[in-house]
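K.L.:
If it helps, the file is called my_file.cif and holds mmCIF, C-alpha atoms:
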data_entry
loop_
_atom_site.group_PDB
_atom_site.id
_atom_site.type_symbol
_atom_site.label_atom_id
_atom_site.label_comp_id
_atom_site.auth_asym_id
_atom_site.auth_seq_id
_atom_site.Cartn_x
_atom_site.Cartn_y
_atom_site.Cartn_z
ATOM 1 C CA MET J 1 118.101 -3.002 48.698
ATOM 2 C CA MET J 2 121.290 -2.817 46.663
ATOM 3 C CA LEU J 3 122.970 -6.020 45.539
ATOM 4 C CA VAL J 4 126.763 -5.709 45.400
ATOM 5 C CA ILE J 5 128.864 -8.529 43.877
ATOM 6 C CA LEU J 6 132.677 -8.672 43.957
ATOM 7 C CA VAL J 7 133.630 -9.580 40.369
ATOM 8 C CA ARG J 8 137.396 -9.065 40.464
ATOM 9 C CA GLY J 9 140.098 -10.486 42.693
ATOM 10 C CA LEU J 10 141.816 -8.562 45.466
ATOM 11 C CA ARG J 11 145.376 -9.195 44.365
ATOM 12 C CA ASN J 12 147.399 -5.958 44.005
ATOM 13 C CA VAL J 13 144.519 -3.888 45.393
ATOM 14 C CA ARG J 14 145.332 -0.975 47.681
ATOM 15 C CA GLN J 15 144.514 -1.413 51.369
ATOM 16 C CA PRO J 16 141.876 1.377 51.598
ATOM 17 C CA LEU J 17 139.870 -0.382 48.878
ATOM 18 C CA LYS J 18 140.193 -3.715 50.678
ATOM 19 C CA ASP J 19 138.951 -2.054 53.866
ATOM 20 C CA THR J 20 135.884 -0.673 52.081
ATOM 21 C CA LEU J 21 135.085 -4.098 50.646
ATOM 22 C CA LYS J 22 135.536 -5.637 54.094
ATOM 23 C CA GLN J 23 132.914 -3.196 55.427
ATOM 24 C CA PHE J 24 130.530 -4.591 52.809
ATOM 25 C CA GLY J 25 131.487 -8.143 53.831
ATOM 26 C CA LEU J 26 133.047 -8.910 50.441
ATOM 27 C CA THR J 27 136.319 -10.726 51.042
ATOM 28 C CA ARG J 28 136.429 -13.222 48.164
ATOM 29 C CA ASN J 29 135.655 -13.313 44.474
ATOM 30 C CA TYR J 30 131.939 -13.751 43.651
ATOM 31 C CA HIS J 31 130.734 -12.887 47.136
ATOM 32 C CA ALA J 32 127.540 -10.831 47.219
ATOM 33 C CA ALA J 33 125.978 -8.549 49.821
ATOM 34 C CA LEU J 34 122.576 -6.911 50.177
ATOM 35 C CA LEU J 35 122.979 -3.363 51.471
ATOM 36 C CA PRO J 36 120.433 -0.607 52.191
ATOM 37 C CA GLU J 37 120.493 2.227 49.661
ATOM 38 C CA SER J 38 121.989 5.488 50.939
ATOM 39 C CA GLU J 39 124.189 8.348 49.797
ATOM 40 C CA GLN J 40 127.020 6.984 51.953
ATOM 41 C CA LEU J 41 126.797 3.649 50.123
ATOM 42 C CA ASN J 42 126.957 5.426 46.760
ATOM 43 C CA GLN J 43 130.144 7.230 47.826
ATOM 44 C CA LYS J 44 131.756 3.962 48.922
ATOM 45 C CA LEU J 45 130.720 2.245 45.687
ATOM 46 C CA ARG J 46 132.451 4.990 43.711
ATOM 47 C CA THR J 47 135.723 4.178 45.493
ATOM 48 C CA VAL J 48 135.563 0.460 44.636
ATOM 49 C CA LEU J 49 133.981 1.026 41.210
ATOM 50 C CA THR J 50 136.403 -1.163 39.246
ATOM 51 C CA LEU J 51 136.008 -4.190 41.540
ATOM 52 C CA VAL J 52 132.260 -4.675 41.992
ATOM 53 C CA ALA J 53 129.010 -4.941 40.080
ATOM 54 C CA TRP J 54 125.920 -3.471 41.718
ATOM 55 C CA GLY J 55 122.296 -2.605 41.182
ATOM 56 C CA PRO J 56 118.886 -2.650 42.878
ATOM 57 C CA ALA J 57 117.773 -6.167 43.799
ATOM 58 C CA ASN J 58 114.185 -7.246 43.177
ATOM 59 C CA ASP J 59 112.144 -9.321 45.637
ATOM 60 C CA ALA J 60 112.771 -12.635 43.874
ATOM 61 C CA THR J 61 116.544 -12.141 44.001
ATOM 62 C CA VAL J 62 116.435 -11.158 47.681
ATOM 63 C CA LYS J 63 114.412 -14.272 48.562
ATOM 64 C CA ALA J 64 116.722 -16.539 46.552
ATOM 65 C CA LEU J 65 119.823 -15.100 48.237
ATOM 66 C CA GLU J 66 118.332 -15.316 51.718
ATOM 67 C CA ALA J 67 117.491 -18.980 51.054
ATOM 68 C CA LYS J 68 121.219 -19.603 50.501
ATOM 69 C CA GLY J 69 122.011 -18.614 54.102
ATOM 70 C CA GLY J 70 123.843 -15.779 55.833
ATOM 71 C CA ALA J 71 125.690 -12.882 54.261
ATOM 72 C CA PRO J 72 128.058 -12.643 52.469
ATOM 73 C CA PHE J 73 126.329 -14.823 49.925
ATOM 74 C CA ARG J 74 128.715 -17.127 48.085
ATOM 75 C CA LEU J 75 127.976 -17.307 44.374
ATOM 76 C CA HIS J 76 129.490 -19.200 41.438
ATOM 77 C CA SER J 77 131.015 -17.672 38.368
ATOM 78 C CA PRO J 78 128.196 -16.807 35.947
ATOM 79 C CA ARG J 79 126.947 -19.571 33.672
ATOM 80 C CA GLY J 80 127.934 -18.588 30.164
ATOM 81 C CA GLY J 81 130.498 -16.127 31.493
ATOM 82 C CA PHE J 82 130.315 -12.376 31.825
ATOM 83 C CA PRO J 83 128.975 -10.489 28.821
ATOM 84 C CA GLY J 84 132.420 -9.041 28.102
ATOM 85 C CA ARG J 85 135.810 -8.558 29.661
ATOM 86 C CA VAL J 86 136.002 -8.316 33.434
ATOM 87 C CA LYS J 87 138.371 -5.345 33.162
ATOM 88 C CA ARG J 88 135.756 -3.133 31.451
ATOM 89 C CA SER J 89 132.765 -1.358 32.892
ATOM 90 C CA HIS J 90 129.268 -2.580 32.201
ATOM 91 C CA ALA J 91 128.642 0.532 30.099
ATOM 92 C CA GLN J 92 131.506 -0.606 27.811
ATOM 93 C CA GLY J 93 130.205 -4.180 27.672
ATOM 94 C CA GLY J 94 132.227 -5.493 30.609
ATOM 95 C CA ALA J 95 131.535 -6.823 34.083
ATOM 96 C CA TYR J 96 132.058 -4.139 36.728
ATOM 97 C CA GLY J 97 130.037 -1.029 37.515
ATOM 98 C CA ASN J 98 126.369 -0.161 37.809
ATOM 99 C CA TRP J 99 124.219 -2.847 36.173
ATOM 100 C CA GLY J 100 120.889 -1.312 37.094
ATOM 101 C CA GLU J 101 118.005 -3.805 36.933
ATOM 102 C CA LYS J 102 120.171 -6.274 34.975
ATOM 103 C CA ILE J 103 122.010 -7.165 38.208
ATOM 104 C CA ASN J 104 119.126 -9.566 38.943
ATOM 105 C CA ASP J 105 119.842 -11.467 35.719
ATOM 106 C CA LEU J 106 123.537 -11.673 36.632
ATOM 107 C CA ALA J 107 122.719 -12.920 40.134
ATOM 108 C CA SER J 108 120.413 -15.627 38.779
ATOM 109 C CA LYS J 109 123.206 -16.794 36.419
ATOM 110 C CA MET J 110 125.549 -17.004 39.421
ATOM 111 C CA MET J 111 123.278 -18.975 41.809
#
Would you mind giving the structure from this file in C-alpha cells?
P.N.:
Amino acid sequence: MMLVILVRGLRNVRQPLKDTLKQFGLTRNYHAALLPESEQLNQKLRTVLTLVAWGPANDATVKALEAKGGAPFRLHSPRGGFPGRVKRSHAQGGAYGNWGEKINDLASKMM
C-alpha cells in the first residue's frame, strides 16, 4: 500500500490537479490516503508531485491509520515540523515528493 499525504494547501492550484487529489480523497491539508500501488497511481502522483508526500506504508502505519477511522485520514501537522521547507522536494531536504520508507516516520509524527 502507498501512503499519500497532502502537505501543501490547495490555494491557487489548477483545477486538473485538484481533481486528481479529489480522486485520492485528499481535499484538505494533512489528509492522508492509503492507495494500492500501480503504474496508474505513479502517473497521477507525478502530476501532483509538488503537493503531496508519498511512500510505501508498513504494517504498523496501516494499522495505526485504520484505528483512526475511515479514509481520508485526518492528521496533524508534524511534531517538530517538516525537516525543511515545504516548497522543496524531499530530495532537496523539503517536504513534498517521494519519501520512500521514511514516510512511516513522517506519519507517526503526524498522528
K.L.:
Run through the PyMOL selection byres ((chain J and resi 29) around 6) on the given coordinates and return the selected residues as a list in words.
P.N.:
Leu6, Val7, Gly9, Arg28, Tyr30 and His31 of chain J
K.L.:
Suppose a student applies the PyMOL selection byres ((chain J and resi 10) around 9) to this structure; what residues should they get, written as a list in words?
P.N.:
Arg8, Gly9, Arg11, Asn12, Val13, Arg14, Lys18, Thr27, Arg28, Asn29 and Leu51 of chain J
K.L.:
Keeping only C-alpha atoms, write those residues as a PDB file, keeping the file's coordinate frame.
P.N.:
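Saved result, out-v2.pdb, follows:
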ATOM      1  CA  ARG J   8     137.396  -9.065  40.464  1.00  0.00           C
ATOM      2  CA  GLY J   9     140.098 -10.486  42.693  1.00  0.00           C
ATOM      3  CA  ARG J  11     145.376  -9.195  44.365  1.00  0.00           C
ATOM      4  CA  ASN J  12     147.399  -5.958  44.005  1.00  0.00           C
ATOM      5  CA  VAL J  13     144.519  -3.888  45.393  1.00  0.00           C
ATOM      6  CA  ARG J  14     145.332  -0.975  47.681  1.00  0.00           C
ATOM      7  CA  LYS J  18     140.193  -3.715  50.678  1.00  0.00           C
ATOM      8  CA  THR J  27     136.319 -10.726  51.042  1.00  0.00           C
ATOM      9  CA  ARG J  28     136.429 -13.222  48.164  1.00  0.00           C
ATOM     10  CA  ASN J  29     135.655 -13.313  44.474  1.00  0.00           C
ATOM     11  CA  LEU J  51     136.008  -4.190  41.540  1.00  0.00           C
TER      12      LEU J  51
END
K.L.:
To test your reading of the syntax: which residues would the PyMOL selection byres ((chain J and resi 55) around 7) return for the file shown? Reply as a ChimeraX atom specification.
P.N.:
/J:2-4,54,56-57,98-101,103
K.L.:
Please indicate the distance in Å from atom CA of Ala32 of chain J to atom CA of Pro72 of chain J, rounded to one decimal place.
P.N.:
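About the pair atom CA of Ala32 of chain J and atom CA of Pro72 of chain J: they are 5.6 Å apart.
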K.L.:
Would you mind reading off the distance between atom CA of Asn58 of chain J and atom CA of Arg85 of chain J, one decimal, in Å?
P.N.:
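Those two atoms sit 25.5 Å apart.
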K.L.:
Which of these, J:Thr50, J:Asn42, J:Ser77, J:Thr61, has the shortest distance to His90 of chain J once you count all atoms listed in the file?
P.N.:
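Under the stated criterion, the closest residue is J:Thr50.
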K.L.:
So which one's closest to Val52 of chain J, J:Ala33, J:Ile5, J:Ala71, J:Ala91? Using all atoms listed in the file, please.
P.N.:
J:Ile5
